[in-house]
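*Asks:* Data file my_file_19.tsv (TSV, C-alpha atoms and all ligand atoms) is appended below.
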chain	number	residue	atom	x	y	z
A	1	MET	CA	34.64	-1.12	-64.47
A	2	ILE	CA	34.08	1.11	-67.46
A	3	LYS	CA	31.28	3.59	-66.74
A	4	PRO	CA	28.11	3.20	-68.84
A	5	HIS	CA	28.45	6.59	-70.53
A	6	ARG	CA	31.88	5.57	-71.78
A	7	SER	CA	30.88	2.27	-73.28
A	8	HIS	CA	30.52	3.31	-76.90
A	9	THR	CA	32.75	2.68	-79.88
A	10	LEU	CA	34.50	6.00	-80.35
A	11	TYR	CA	35.21	6.30	-76.62
A	12	GLY	CA	37.04	2.98	-76.91
A	13	PHE	CA	39.19	4.45	-79.67
A	14	PHE	CA	39.80	7.56	-77.57
A	15	LEU	CA	41.07	5.30	-74.78
A	16	LEU	CA	43.23	3.30	-77.17
A	17	HIS	CA	44.80	6.52	-78.46
A	18	ARG	CA	45.41	7.85	-74.95
A	19	ILE	CA	46.78	4.63	-73.49
A	20	SER	CA	49.02	3.94	-76.49
A	21	GLY	CA	50.28	7.53	-76.32
A	22	ILE	CA	51.13	7.26	-72.64
A	23	ALA	CA	52.76	3.84	-73.13
A	24	LEU	CA	54.90	5.19	-75.98
A	25	ALA	CA	55.88	8.26	-73.96
A	26	LEU	CA	57.04	5.96	-71.15
A	27	PHE	CA	58.83	3.67	-73.57
A	28	LEU	CA	60.77	6.35	-75.45
A	29	PRO	CA	63.22	7.29	-72.65
A	30	VAL	CA	64.02	3.60	-72.14
A	31	HIS	CA	64.47	3.20	-75.89
A	32	PHE	CA	66.91	6.09	-76.12
A	33	THR	CA	68.79	4.95	-73.02
A	34	VAL	CA	69.35	1.55	-74.62
A	35	LEU	CA	70.32	3.13	-77.94
A	36	ALA	CA	72.85	5.33	-76.13
A	37	LEU	CA	74.61	2.18	-74.99
A	38	ALA	CA	75.75	1.73	-78.61
A	39	VAL	CA	78.06	4.68	-78.02
A	40	SER	CA	78.80	4.46	-74.32
A	41	ASP	CA	78.96	0.71	-73.74
A	42	PRO	CA	78.63	-1.48	-76.89
A	43	ALA	CA	79.34	-4.72	-75.02
A	44	SER	CA	76.42	-4.31	-72.65
A	45	LEU	CA	74.19	-3.30	-75.59
A	46	ASP	CA	74.99	-6.60	-77.28
A	47	SER	CA	74.16	-8.60	-74.20
A	48	PHE	CA	70.96	-6.56	-73.76
A	49	LEU	CA	69.91	-7.18	-77.35
A	50	LYS	CA	70.27	-10.92	-76.77
A	51	LEU	CA	67.13	-10.57	-74.67
A	52	THR	CA	65.18	-10.05	-77.87
A	53	ASP	CA	65.61	-13.77	-78.55
A	54	LEU	CA	63.25	-14.50	-75.66
A	55	ALA	CA	59.66	-15.26	-76.65
A	56	ALA	CA	58.28	-12.98	-73.93
A	57	VAL	CA	60.34	-10.07	-75.24
A	58	LYS	CA	59.15	-10.77	-78.80
A	59	ILE	CA	55.56	-10.63	-77.61
A	60	ALA	CA	56.23	-7.40	-75.70
A	61	GLU	CA	57.84	-5.91	-78.82
A	62	THR	CA	54.85	-6.92	-80.91
A	63	ILE	CA	52.52	-5.22	-78.44
A	64	LEU	CA	54.71	-2.14	-78.62
A	65	VAL	CA	54.64	-2.14	-82.41
A	66	PHE	CA	50.86	-2.50	-82.25
A	67	LEU	CA	50.58	0.47	-79.87
A	68	LEU	CA	52.83	2.56	-82.09
A	69	ALA	CA	50.95	1.68	-85.27
A	70	ALA	CA	47.52	2.10	-83.64
A	71	HIS	CA	48.61	5.49	-82.31
A	72	LEU	CA	49.95	6.51	-85.71
A	73	PHE	CA	46.91	5.46	-87.74
A	74	GLY	CA	44.46	6.58	-85.04
A	75	GLY	CA	46.23	9.94	-84.96
A	76	LEU	CA	45.93	10.25	-88.73
A	77	ARG	CA	42.20	9.63	-88.41
A	78	LEU	CA	41.89	12.38	-85.79
A	79	MET	CA	43.93	14.80	-87.88
A	80	ALA	CA	41.77	14.06	-90.91
A	81	MET	CA	38.69	14.63	-88.81
A	82	GLU	CA	39.94	18.01	-87.61
A	83	TRP	CA	41.56	19.29	-90.81
A	84	LEU	CA	39.63	17.79	-93.72
A	85	PRO	CA	35.95	18.06	-94.60
A	86	TRP	CA	33.80	15.87	-92.38
A	87	THR	CA	33.07	12.27	-93.26
A	88	ASP	CA	30.16	10.44	-91.69
A	89	TRP	CA	31.90	7.11	-91.29
A	90	GLN	CA	34.11	7.93	-88.31
A	91	LYS	CA	33.54	4.54	-86.70
A	92	THR	CA	34.55	2.77	-89.90
A	93	LEU	CA	37.66	4.92	-90.19
A	94	ALA	CA	38.50	4.19	-86.55
A	95	ALA	CA	38.03	0.47	-87.15
A	96	GLY	CA	40.26	0.78	-90.22
A	97	SER	CA	43.00	2.44	-88.18
A	98	LEU	CA	42.79	-0.40	-85.67
A	99	ALA	CA	42.96	-2.97	-88.46
A	100	LEU	CA	46.07	-1.29	-89.88
A	101	GLY	CA	47.62	-1.31	-86.41
A	102	LEU	CA	46.94	-5.02	-85.99
A	103	PHE	CA	48.18	-5.74	-89.51
A	104	THR	CA	51.45	-3.92	-88.83
A	105	ALA	CA	51.92	-5.79	-85.55
A	106	CYS	CA	51.29	-9.12	-87.32
A	107	LEU	CA	53.85	-8.25	-90.00
A	108	PHE	CA	56.37	-7.49	-87.26
A	109	LEU	CA	55.60	-10.74	-85.46
A	110	LEU	CA	56.10	-12.72	-88.66
A	111	GLN	CA	59.50	-11.07	-89.06
A	112	VAL	CA	60.75	-11.98	-85.59
A	113	ILE	CA	59.43	-15.51	-85.10
B	1	MET	CA	-1.53	3.45	-69.48
B	2	SER	CA	-2.57	-0.11	-68.88
B	3	VAL	CA	-1.12	-2.41	-66.28
B	4	ASP	CA	0.86	-5.15	-67.96
B	5	GLU	CA	-0.60	-8.38	-66.70
B	6	ASN	CA	2.68	-10.24	-66.68
B	7	SER	CA	4.50	-7.29	-65.26
B	8	LYS	CA	6.74	-7.30	-62.25
B	9	ASN	CA	7.58	-4.42	-60.03
B	10	LEU	CA	10.50	-2.16	-60.74
B	11	GLU	CA	13.08	-1.54	-58.05
B	12	VAL	CA	13.92	2.12	-58.49
B	13	SER	CA	16.71	4.04	-56.77
B	14	VAL	CA	16.27	7.78	-56.92
B	15	TRP	CA	18.88	10.28	-55.88
B	16	ARG	CA	17.50	12.60	-53.19
B	17	GLY	CA	19.37	15.60	-51.90
B	18	ASP	CA	20.57	19.05	-52.81
B	19	ALA	CA	23.79	20.93	-53.54
B	20	SER	CA	25.20	19.99	-50.13
B	21	GLY	CA	24.87	16.24	-50.79
B	22	GLY	CA	22.39	13.42	-50.73
B	23	GLU	CA	21.83	9.72	-51.17
B	24	TYR	CA	19.69	7.23	-53.04
B	25	SER	CA	16.20	6.38	-51.81
B	26	HIS	CA	14.59	3.14	-52.93
B	27	TYR	CA	11.06	2.67	-54.22
B	28	THR	CA	9.06	-0.20	-55.61
B	29	VAL	CA	7.06	0.93	-58.63
B	30	PRO	CA	4.53	-1.14	-60.62
B	31	SER	CA	5.64	-1.83	-64.15
B	32	TYR	CA	3.35	-0.76	-67.01
B	33	SER	CA	3.57	-1.37	-70.71
B	34	ASN	CA	4.99	1.58	-72.65
B	35	GLN	CA	6.23	3.14	-69.43
B	36	THR	CA	8.79	5.90	-69.70
B	37	VAL	CA	11.38	6.79	-67.09
B	38	LEU	CA	9.51	10.07	-66.56
B	39	ASP	CA	6.35	8.04	-65.85
B	40	VAL	CA	8.26	6.16	-63.16
B	41	VAL	CA	9.53	9.35	-61.55
B	42	SER	CA	6.02	10.88	-61.69
B	43	TRP	CA	4.53	7.75	-60.13
B	44	ILE	CA	6.95	7.99	-57.22
B	45	GLN	CA	6.07	11.63	-56.71
B	46	GLN	CA	2.33	10.93	-56.88
B	47	HIS	CA	2.28	7.80	-54.75
B	48	CYS	CA	5.34	7.76	-52.49
B	49	ASP	CA	6.70	11.20	-51.82
B	50	ALA	CA	5.15	14.43	-53.06
B	51	THR	CA	8.32	16.34	-52.24
B	52	LEU	CA	10.34	14.59	-54.96
B	53	THR	CA	11.63	17.37	-57.20
B	54	TYR	CA	12.20	16.95	-60.92
B	55	ARG	CA	11.63	18.95	-64.08
B	56	PHE	CA	9.59	18.31	-67.19
B	57	ALA	CA	7.22	20.22	-69.45
B	58	CYS	CA	6.26	18.87	-72.86
B	59	ARG	CA	6.51	15.08	-72.36
B	60	VAL	CA	7.08	14.67	-76.09
B	61	GLY	CA	10.77	15.39	-76.58
B	62	MET	CA	10.43	19.02	-77.55
B	63	CYS	CA	11.33	21.16	-74.55
B	64	GLY	CA	14.55	19.54	-73.34
B	65	SER	CA	13.75	19.93	-69.65
B	66	CYS	CA	13.42	16.32	-68.47
B	67	ALA	CA	16.98	15.00	-68.89
B	68	MET	CA	18.37	12.87	-66.06
B	69	THR	CA	20.99	10.21	-65.54
B	70	VAL	CA	19.34	6.82	-65.97
B	71	ASN	CA	21.38	3.74	-65.05
B	72	GLY	CA	24.52	5.84	-65.41
B	73	GLU	CA	23.68	7.33	-68.82
B	74	PRO	CA	22.21	10.74	-69.65
B	75	ARG	CA	18.74	10.42	-71.20
B	76	TRP	CA	15.67	12.46	-72.03
B	77	THR	CA	13.35	10.70	-69.64
B	78	CYS	CA	10.04	11.50	-71.34
B	79	ARG	CA	11.07	9.57	-74.45
B	80	THR	CA	13.11	6.84	-72.78
B	81	HIS	CA	11.16	3.63	-72.38
B	82	VAL	CA	11.91	1.71	-69.23
B	83	ASN	CA	12.26	-1.59	-71.10
B	84	LYS	CA	15.07	-0.09	-73.20
B	85	VAL	CA	17.23	0.86	-70.23
B	86	ILE	CA	16.27	-1.44	-67.38
B	87	LYS	CA	18.92	-3.75	-65.95
B	88	GLY	CA	17.13	-6.80	-64.54
B	89	ASP	CA	14.34	-5.07	-62.63
B	90	LYS	CA	16.53	-2.20	-61.45
B	91	LEU	CA	16.45	1.42	-62.45
B	92	THR	CA	18.68	4.13	-61.00
B	93	VAL	CA	17.70	7.72	-61.62
B	94	ALA	CA	19.98	10.64	-60.73
B	95	PRO	CA	20.29	14.27	-61.77
B	96	LEU	CA	22.35	15.13	-64.85
B	97	ARG	CA	26.10	14.89	-64.37
B	98	ASN	CA	28.38	17.94	-64.79
B	99	LEU	CA	25.81	20.41	-63.46
B	100	PRO	CA	25.13	21.57	-59.90
B	101	VAL	CA	22.05	20.04	-58.27
B	102	ILE	CA	19.20	22.24	-57.15
B	103	LYS	CA	17.20	19.48	-55.49
B	104	ASP	CA	16.73	15.76	-56.12
B	105	LEU	CA	16.58	15.24	-59.89
B	106	ALA	CA	16.54	18.90	-60.89
B	107	ALA	CA	19.95	20.08	-62.09
B	108	ASP	CA	20.85	23.74	-62.22
B	109	MET	CA	21.05	24.61	-65.94
B	110	ASP	CA	22.60	28.07	-65.41
B	111	PRO	CA	26.23	27.07	-66.18
B	112	PHE	CA	25.04	25.32	-69.34
B	113	PHE	CA	23.31	28.43	-70.66
B	114	GLU	CA	26.05	30.78	-69.43
B	115	LYS	CA	28.48	28.87	-71.63
B	116	TRP	CA	26.00	29.09	-74.49
B	117	VAL	CA	26.24	32.89	-74.19
B	118	LYS	CA	30.03	32.77	-73.71
B	119	ALA	CA	30.33	30.87	-77.00
B	120	LYS	CA	28.46	33.77	-78.63
B	121	GLY	CA	25.53	31.46	-79.21
B	122	VAL	CA	23.10	34.36	-79.30
B	123	HIS	CA	21.88	35.25	-82.77
B	124	GLU	CA	22.75	38.79	-83.82
B	125	PRO	CA	20.83	39.80	-86.93
B	126	SER	CA	22.80	41.18	-89.84
B	127	ALA	CA	19.84	43.23	-91.04
B	128	SER	CA	16.73	44.81	-89.60
B	129	ARG	CA	13.10	44.32	-90.58
B	130	HIS	CA	13.37	47.46	-92.70
B	131	ASP	CA	16.00	45.93	-94.96
B	132	PRO	CA	15.02	43.86	-97.95
B	133	MET	CA	14.81	40.12	-97.27
B	134	VAL	CA	17.96	38.26	-98.22
B	135	ALA	CA	17.36	35.04	-100.11
B	136	VAL	CA	18.78	31.96	-98.40
B	137	ASP	CA	19.39	28.86	-100.49
B	138	PRO	CA	18.42	25.93	-98.24
B	139	GLN	CA	20.57	23.59	-100.34
B	140	SER	CA	23.80	25.58	-100.12
B	141	PRO	CA	26.49	23.69	-98.16
B	142	GLN	CA	26.82	26.52	-95.67
B	143	ARG	CA	23.10	26.66	-94.94
B	144	MET	CA	22.95	22.88	-94.68
B	145	ALA	CA	25.74	23.03	-92.07
B	146	ALA	CA	23.72	25.63	-90.14
B	147	SER	CA	20.50	23.63	-90.42
B	148	GLU	CA	22.06	20.45	-89.09
B	149	GLY	CA	22.31	21.75	-85.53
B	150	ILE	CA	19.21	23.90	-85.48
B	151	GLU	CA	16.92	21.31	-83.84
B	152	CYS	CA	18.89	21.30	-80.57
B	153	ILE	CA	16.40	21.22	-77.67
B	154	ASN	CA	18.95	22.42	-75.05
B	155	CYS	CA	18.50	19.31	-72.98
B	156	ALA	CA	22.17	19.19	-71.83
B	157	VAL	CA	22.36	15.43	-72.37
B	158	CYS	CA	25.51	15.92	-74.47
B	159	TYR	CA	26.96	18.26	-71.83
B	160	SER	CA	26.35	15.63	-69.20
B	161	ALA	CA	27.89	12.85	-71.33
B	162	CYS	CA	31.06	14.83	-72.08
B	163	ASP	CA	34.15	13.85	-70.06
B	164	THR	CA	35.95	17.03	-71.09
B	165	VAL	CA	33.23	19.09	-69.42
B	166	ALA	CA	33.74	16.94	-66.32
B	167	ALA	CA	37.51	17.47	-66.33
B	168	ASN	CA	37.71	21.10	-67.43
B	169	PRO	CA	35.30	23.58	-65.81
B	170	ASP	CA	36.08	26.16	-68.52
B	171	TYR	CA	35.11	23.91	-71.41
B	172	LEU	CA	32.14	25.37	-73.26
B	173	GLY	CA	30.73	21.95	-74.04
B	174	PRO	CA	29.21	20.34	-77.12
B	175	ALA	CA	25.83	22.12	-77.20
B	176	ALA	CA	27.20	25.66	-76.92
B	177	LEU	CA	29.87	24.91	-79.51
B	178	GLN	CA	27.36	23.36	-81.86
B	179	ARG	CA	25.24	26.48	-81.50
B	180	ALA	CA	28.30	28.59	-82.31
B	181	TRP	CA	28.92	26.49	-85.43
B	182	THR	CA	25.30	26.99	-86.49
B	183	LEU	CA	25.73	30.77	-86.20
B	184	VAL	CA	29.09	30.73	-87.99
B	185	ASN	CA	27.28	29.19	-90.95
B	186	ASP	CA	24.15	31.31	-90.71
B	187	GLU	CA	24.45	34.09	-93.27
B	188	LYS	CA	21.86	36.08	-91.34
B	189	ASN	CA	24.11	36.21	-88.29
B	190	LYS	CA	26.06	39.44	-88.20
B	191	ASP	CA	29.61	38.57	-87.26
B	192	ALA	CA	30.89	35.04	-87.76
B	193	ASN	CA	34.43	36.11	-86.92
B	194	SER	CA	33.51	37.21	-83.41
B	195	VAL	CA	31.93	33.78	-82.85
B	196	LEU	CA	35.10	32.10	-84.10
B	197	ASP	CA	37.15	34.25	-81.74
B	198	ALA	CA	34.89	33.36	-78.81
B	199	VAL	CA	35.24	29.62	-79.42
B	200	SER	CA	39.04	29.78	-79.87
B	201	GLN	CA	39.65	30.90	-76.29
B	202	THR	CA	40.76	28.63	-73.44
B	203	GLY	CA	38.01	26.08	-72.94
B	204	GLY	CA	36.84	26.50	-76.54
B	205	CYS	CA	36.56	24.00	-79.37
B	206	HIS	CA	40.24	23.00	-79.25
B	207	SER	CA	39.74	21.45	-75.81
B	208	CYS	CA	37.48	18.77	-77.29
B	209	HIS	CA	39.01	15.28	-77.26
B	210	SER	CA	36.70	13.84	-79.94
B	211	HIS	CA	35.33	10.98	-77.87
B	212	GLY	CA	31.96	11.41	-79.54
B	213	SER	CA	29.97	10.84	-76.35
B	214	CYS	CA	27.97	13.96	-77.22
B	215	THR	CA	26.92	12.52	-80.56
B	216	ALA	CA	26.38	9.04	-79.16
B	217	TYR	CA	23.89	10.36	-76.59
B	218	CYS	CA	22.19	13.33	-78.27
B	219	PRO	CA	18.52	12.28	-78.18
B	220	ALA	CA	17.70	14.54	-81.12
B	221	GLU	CA	20.28	12.61	-83.15
B	222	LEU	CA	22.35	15.70	-83.82
B	223	ASN	CA	26.09	15.52	-84.26
B	224	PRO	CA	27.83	18.03	-81.94
B	225	MET	CA	31.20	16.31	-82.50
B	226	LYS	CA	30.95	17.16	-86.20
B	227	ALA	CA	30.09	20.77	-85.34
B	228	VAL	CA	33.09	21.02	-82.99
B	229	ALA	CA	35.33	19.51	-85.69
B	230	GLY	CA	34.00	22.18	-88.08
B	231	LEU	CA	34.93	24.89	-85.58
B	232	LYS	CA	38.38	23.40	-85.04
B	233	ARG	CA	39.02	23.33	-88.77
B	234	THR	CA	37.65	26.81	-89.45
B	235	THR	CA	39.43	28.47	-86.51
B	236	ALA	CA	42.72	26.74	-87.37
B	237	PHE	CA	42.57	27.84	-91.01
B	238	LYS	CA	41.61	31.33	-89.89
B	239	PHE	CA	44.67	31.36	-87.60
B	240	LEU	CA	46.79	30.34	-90.60
B	241	GLY	CA	45.47	33.34	-92.48
B	242	LYS	CA	42.66	31.88	-94.56
B	243	ARG	CA	39.77	34.31	-94.93
B	244	ARG	CA	36.28	33.01	-94.58
A	301	LIG	S1	33.60	14.87	-78.75
A	301	LIG	FE1	34.20	16.76	-77.72
A	301	LIG	S2	32.29	17.71	-77.14
A	301	LIG	FE2	31.80	15.58	-77.66
A	301	LIG	S3	31.88	14.46	-75.72
A	301	LIG	FE3	33.95	14.38	-76.57
A	301	LIG	S4	35.07	16.17	-75.76
A	301	LIG	FE4	32.88	16.46	-75.38
A	302	LIG	S1	22.99	18.84	-78.94
A	302	LIG	FE1	21.53	17.18	-78.55
A	302	LIG	S2	22.06	16.47	-76.50
A	302	LIG	FE2	23.03	18.45	-76.74
A	302	LIG	S3	21.60	19.91	-75.86
A	302	LIG	FE3	21.17	19.80	-78.05
A	302	LIG	S4	19.59	18.25	-78.28
A	302	LIG	FE4	20.44	17.99	-76.23
A	303	LIG	S1	9.56	16.78	-71.06
A	303	LIG	FE1	10.07	17.99	-72.78
A	303	LIG	S2	11.72	16.90	-73.67
A	303	LIG	FE2	11.10	15.60	-72.07
What do you get writing this file as structure tokens?

*Replies:*
Amino acid sequence: MIKPHRSHTLYGFFLLHRISGIALALFLPVHFTVLALAVSDPASLDSFLKLTDLAAVKIAETILVFLLAAHLFGGLRLMAMEWLPWTDWQKTLAAGSLALGLFTACLFLLQVI
Amino acid sequence: MSVDENSKNLEVSVWRGDASGGEYSHYTVPSYSNQTVLDVVSWIQQHCDATLTYRFACRVGMCGSCAMTVNGEPRWTCRTHVNKVIKGDKLTVAPLRNLPVIKDLAADMDPFFEKWVKAKGVHEPSASRHDPMVAVDPQSPQRMAASEGIECINCAVCYSACDTVAANPDYLGPAALQRAWTLVNDEKNKDANSVLDAVSQTGGCHSCHSHGSCTAYCPAELNPMKAVAGLKRTTAFKFLGKRR
């Protein structure tokens, strides 16, 4: 259960940024391992890539794209907050970064279905 | 205070103990209209157990001494109405988080103020009373930045809400950093650069994770997260060679 003192909007965005960051950090080694197959073992790469035809894999990829985009746009918001003059609408900016993340994930989903 | 005719009783759990540990005690307290959490705690002390220890002074949100954890959230209890925070008929009152406990609901504020000093939050005048008075333009952006944090009542609600304080014992915390930002922008403070140096150390402004819990909970509606962001920006540009 989320503790009461954490149940406010910007804490939610902090969590999203942290969790997406950790998920991406875990994903990257797998990503590079698979990419390396292109050089070391192209046949097994091809059979692995066939998995992307599965609906479950497409959904997982869409979630991954969402996490990447949310981390990217959320990170831009944080950098703007720390490097540019202050703006009072941090929650709106955070919501905007989330919207851009979702939009990017939807675009990806439309490409693969 | 008048008894609310339709009122029920409140079931109140109060943390009792000291630095070595403790547990919740349970009390049934009559509910009144316009009752604050501090009223509830006082009622328990007056009617149930005179040894209950807690701290308050002004009762009007000026002194910053009455902060406690109410239903899991840090609050100034003298200005927190029970009906705003009650869950069903239950109220849980504990000492502030992130500070050692002296006894019962009284937290030890020493670490909070020690960090205030460590952040160079003590005003050092740039002139003496014998010097001519320097004019300060209240509308200048720099003075407005200083004025924004000046109403801090040192209640430590933000300090208690901050998860970085909980995770990192060296972290100076939102109130001390906001005070530092006020002094950085105060043209009557002698040495802004020494303040910037103090807040750039380990545990300084760059440890902040920008969750905004400090700003979400500050009862005086100040914005410590904005002050910390100002320090981050100013110290980073200073590091890159920009002169103030
Ligand atoms: S924004 Fe910074 S100072 Fe405020 S609660 Fe989060 S870590 Fe603490
Ligand atoms: S910044 Fe707000 S919450 Fe923090 S000590 Fe000052 S008044 Fe209290
Ligand atoms: S008693 Fe002074 S602020 Fe609550």

*Asks:* At a cut-off of 12 Å and counting only C-alpha atoms and all ligand atoms, what residues surround ligand LIG 302 (chain A)? Please answer as a ChimeraX atom specification.

*Replies:* /B:61-68,74-76,96,109,112-113,116,148-162,172-182,212-228

*Asks:* Take the residues just selected and output them with C-alpha atoms as a PDB file, in the frame of the given file.

*Replies:*
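The new file result28.pdb reads:
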ATOM      1  CA  GLY B  61      10.770  15.390 -76.580  1.00  0.00           C
ATOM      2  CA  MET B  62      10.430  19.020 -77.550  1.00  0.00           C
ATOM      3  CA  CYS B  63      11.330  21.160 -74.550  1.00  0.00           C
ATOM      4  CA  GLY B  64      14.550  19.540 -73.340  1.00  0.00           C
ATOM      5  CA  SER B  65      13.750  19.930 -69.650  1.00  0.00           C
ATOM      6  CA  CYS B  66      13.420  16.320 -68.470  1.00  0.00           C
ATOM      7  CA  ALA B  67      16.980  15.000 -68.890  1.00  0.00           C
ATOM      8  CA  MET B  68      18.370  12.870 -66.060  1.00  0.00           C
ATOM      9  CA  PRO B  74      22.210  10.740 -69.650  1.00  0.00           C
ATOM     10  CA  ARG B  75      18.740  10.420 -71.200  1.00  0.00           C
ATOM     11  CA  TRP B  76      15.670  12.460 -72.030  1.00  0.00           C
ATOM     12  CA  LEU B  96      22.350  15.130 -64.850  1.00  0.00           C
ATOM     13  CA  MET B 109      21.050  24.610 -65.940  1.00  0.00           C
ATOM     14  CA  PHE B 112      25.040  25.320 -69.340  1.00  0.00           C
ATOM     15  CA  PHE B 113      23.310  28.430 -70.660  1.00  0.00           C
ATOM     16  CA  TRP B 116      26.000  29.090 -74.490  1.00  0.00           C
ATOM     17  CA  GLU B 148      22.060  20.450 -89.090  1.00  0.00           C
ATOM     18  CA  GLY B 149      22.310  21.750 -85.530  1.00  0.00           C
ATOM     19  CA  ILE B 150      19.210  23.900 -85.480  1.00  0.00           C
ATOM     20  CA  GLU B 151      16.920  21.310 -83.840  1.00  0.00           C
ATOM     21  CA  CYS B 152      18.890  21.300 -80.570  1.00  0.00           C
ATOM     22  CA  ILE B 153      16.400  21.220 -77.670  1.00  0.00           C
ATOM     23  CA  ASN B 154      18.950  22.420 -75.050  1.00  0.00           C
ATOM     24  CA  CYS B 155      18.500  19.310 -72.980  1.00  0.00           C
ATOM     25  CA  ALA B 156      22.170  19.190 -71.830  1.00  0.00           C
ATOM     26  CA  VAL B 157      22.360  15.430 -72.370  1.00  0.00           C
ATOM     27  CA  CYS B 158      25.510  15.920 -74.470  1.00  0.00           C
ATOM     28  CA  TYR B 159      26.960  18.260 -71.830  1.00  0.00           C
ATOM     29  CA  SER B 160      26.350  15.630 -69.200  1.00  0.00           C
ATOM     30  CA  ALA B 161      27.890  12.850 -71.330  1.00  0.00           C
ATOM     31  CA  CYS B 162      31.060  14.830 -72.080  1.00  0.00           C
ATOM     32  CA  LEU B 172      32.140  25.370 -73.260  1.00  0.00           C
ATOM     33  CA  GLY B 173      30.730  21.950 -74.040  1.00  0.00           C
ATOM     34  CA  PRO B 174      29.210  20.340 -77.120  1.00  0.00           C
ATOM     35  CA  ALA B 175      25.830  22.120 -77.200  1.00  0.00           C
ATOM     36  CA  ALA B 176      27.200  25.660 -76.920  1.00  0.00           C
ATOM     37  CA  LEU B 177      29.870  24.910 -79.510  1.00  0.00           C
ATOM     38  CA  GLN B 178      27.360  23.360 -81.860  1.00  0.00           C
ATOM     39  CA  ARG B 179      25.240  26.480 -81.500  1.00  0.00           C
ATOM     40  CA  ALA B 180      28.300  28.590 -82.310  1.00  0.00           C
ATOM     41  CA  TRP B 181      28.920  26.490 -85.430  1.00  0.00           C
ATOM     42  CA  THR B 182      25.300  26.990 -86.490  1.00  0.00           C
ATOM     43  CA  GLY B 212      31.960  11.410 -79.540  1.00  0.00           C
ATOM     44  CA  SER B 213      29.970  10.840 -76.350  1.00  0.00           C
ATOM     45  CA  CYS B 214      27.970  13.960 -77.220  1.00  0.00           C
ATOM     46  CA  THR B 215      26.920  12.520 -80.560  1.00  0.00           C
ATOM     47  CA  ALA B 216      26.380   9.040 -79.160  1.00  0.00           C
ATOM     48  CA  TYR B 217      23.890  10.360 -76.590  1.00  0.00           C
ATOM     49  CA  CYS B 218      22.190  13.330 -78.270  1.00  0.00           C
ATOM     50  CA  PRO B 219      18.520  12.280 -78.180  1.00  0.00           C
ATOM     51  CA  ALA B 220      17.700  14.540 -81.120  1.00  0.00           C
ATOM     52  CA  GLU B 221      20.280  12.610 -83.150  1.00  0.00           C
ATOM     53  CA  LEU B 222      22.350  15.700 -83.820  1.00  0.00           C
ATOM     54  CA  ASN B 223      26.090  15.520 -84.260  1.00  0.00           C
ATOM     55  CA  PRO B 224      27.830  18.030 -81.940  1.00  0.00           C
ATOM     56  CA  MET B 225      31.200  16.310 -82.500  1.00  0.00           C
ATOM     57  CA  LYS B 226      30.950  17.160 -86.200  1.00  0.00           C
ATOM     58  CA  ALA B 227      30.090  20.770 -85.340  1.00  0.00           C
ATOM     59  CA  VAL B 228      33.090  21.020 -82.990  1.00  0.00           C
TER      60      VAL B 228
END

*Asks:* Figure out the distance between atom CA of A:Asp46 and atom CA of A:Ser20, please, to one decimal in Å.

*Replies:*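 One can read the atom CA of A:Ser20 to atom CA of A:Asp46 distance as 28.0 Å.
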
*Asks:* Using only C-alpha atoms, find the residues of chain B whose closest atom to chain A is at most 6 Å away, then write them as a list in words.

*Replies:*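 Residues satisfying the distance criterion: Gly72, Glu73, His211, Ala229 and Arg233 of chain B.
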
*Asks:* Enter the distance from atom CA of B:Val70 to atom CA of B:Thr36, in Å, rounded to one decimal.

*Replies:*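 The value is 11.2 Å.
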
*Asks:* At a cut-off of 7 Å, using all atoms listed in the file, what residues contact B:Pro95? Leave out same-chain residues fewer than 2 positions from it and give the result as a list in words.

*Replies:*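 The contact residues come out as Met68, Thr69, Arg97, Val101, Asp104, Leu105, Ala106 and Ala107 of chain B.
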
*Asks:* Just the number, please: distance in Å from atom CA of B:Ser147 to atom S2 of ligand LIG 301 (chain A), one decimal.

*Replies:*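 Between atom CA of B:Ser147 and atom S2 of ligand LIG 301 (chain A) the gap is 18.7 Å.
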
*Asks:* When distances are computed from only C-alpha atoms, which of B:Lys190, B:Arg59, B:Lys242, B:Lys84 shows the smallest separation from B:Val122?

*Replies:*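 Of all the options, B:Lys190 lies closest to B:Val122.
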
*Asks:* Determine, counting only C-alpha atoms, every residue of protein, DNA or RNA that lies within 12 Å of (46.0, 6.6, -86.3) in the file coordinates, then give the result as number ranges by chain.

*Replies:* A: 13-14, 16-18, 20-21, 66-81, 93-102

*Asks:* Would you compute, for all listed atoms of ligand LIG 301 (chain A), the axis-aligned bounding box grown by 8 Å on each side, and then report its centre and edge lengths in Å rounded to one decimal, as AutoDock Vina command-line options?

*Replies:*
--center_x 33.4 --center_y 16.0 --center_z -77.1 --size_x 19.3 --size_y 19.3 --size_z 19.4

*Asks:* Would you kindly return, as a list of chain:residue names, each protein, DNA or RNA residue with an atom no farther than 7 Å from any atom of B:Val29, considering all atoms listed in the file and excluding same-chain residues fewer than 4 positions away?

*Replies:* B:Asn9, B:Leu10, B:Glu11, B:Val12

*Asks:* Point out the residue among B:His130, B:Lys118, B:His206, B:Arg55 with the least atom-to-atom distance to ligand LIG 303 (chain A), counting all atoms listed in the file.

*Replies:*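 Going through B:His130, B:Lys118, B:His206, B:Arg55 one by one, the smallest distance to ligand LIG 303 (chain A) is for B:Arg55.
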
*Asks:* Tell me, as a PDB file with C-alpha atoms, in the frame of the given file, which residues lie within 6 Å of stretch 195-198 of chain B, counting only C-alpha atoms; anything in the same chain fewer than 3 positions away does not count.

*Replies:*
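Listed below is the output, out-v9.pdb:
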ATOM      1  CA  ALA B 119      30.330  30.870 -77.000  1.00  0.00           C
ATOM      2  CA  LYS B 120      28.460  33.770 -78.630  1.00  0.00           C
ATOM      3  CA  ALA B 192      30.890  35.040 -87.760  1.00  0.00           C
ATOM      4  CA  GLN B 201      39.650  30.900 -76.290  1.00  0.00           C
TER       5      GLN B 201
END
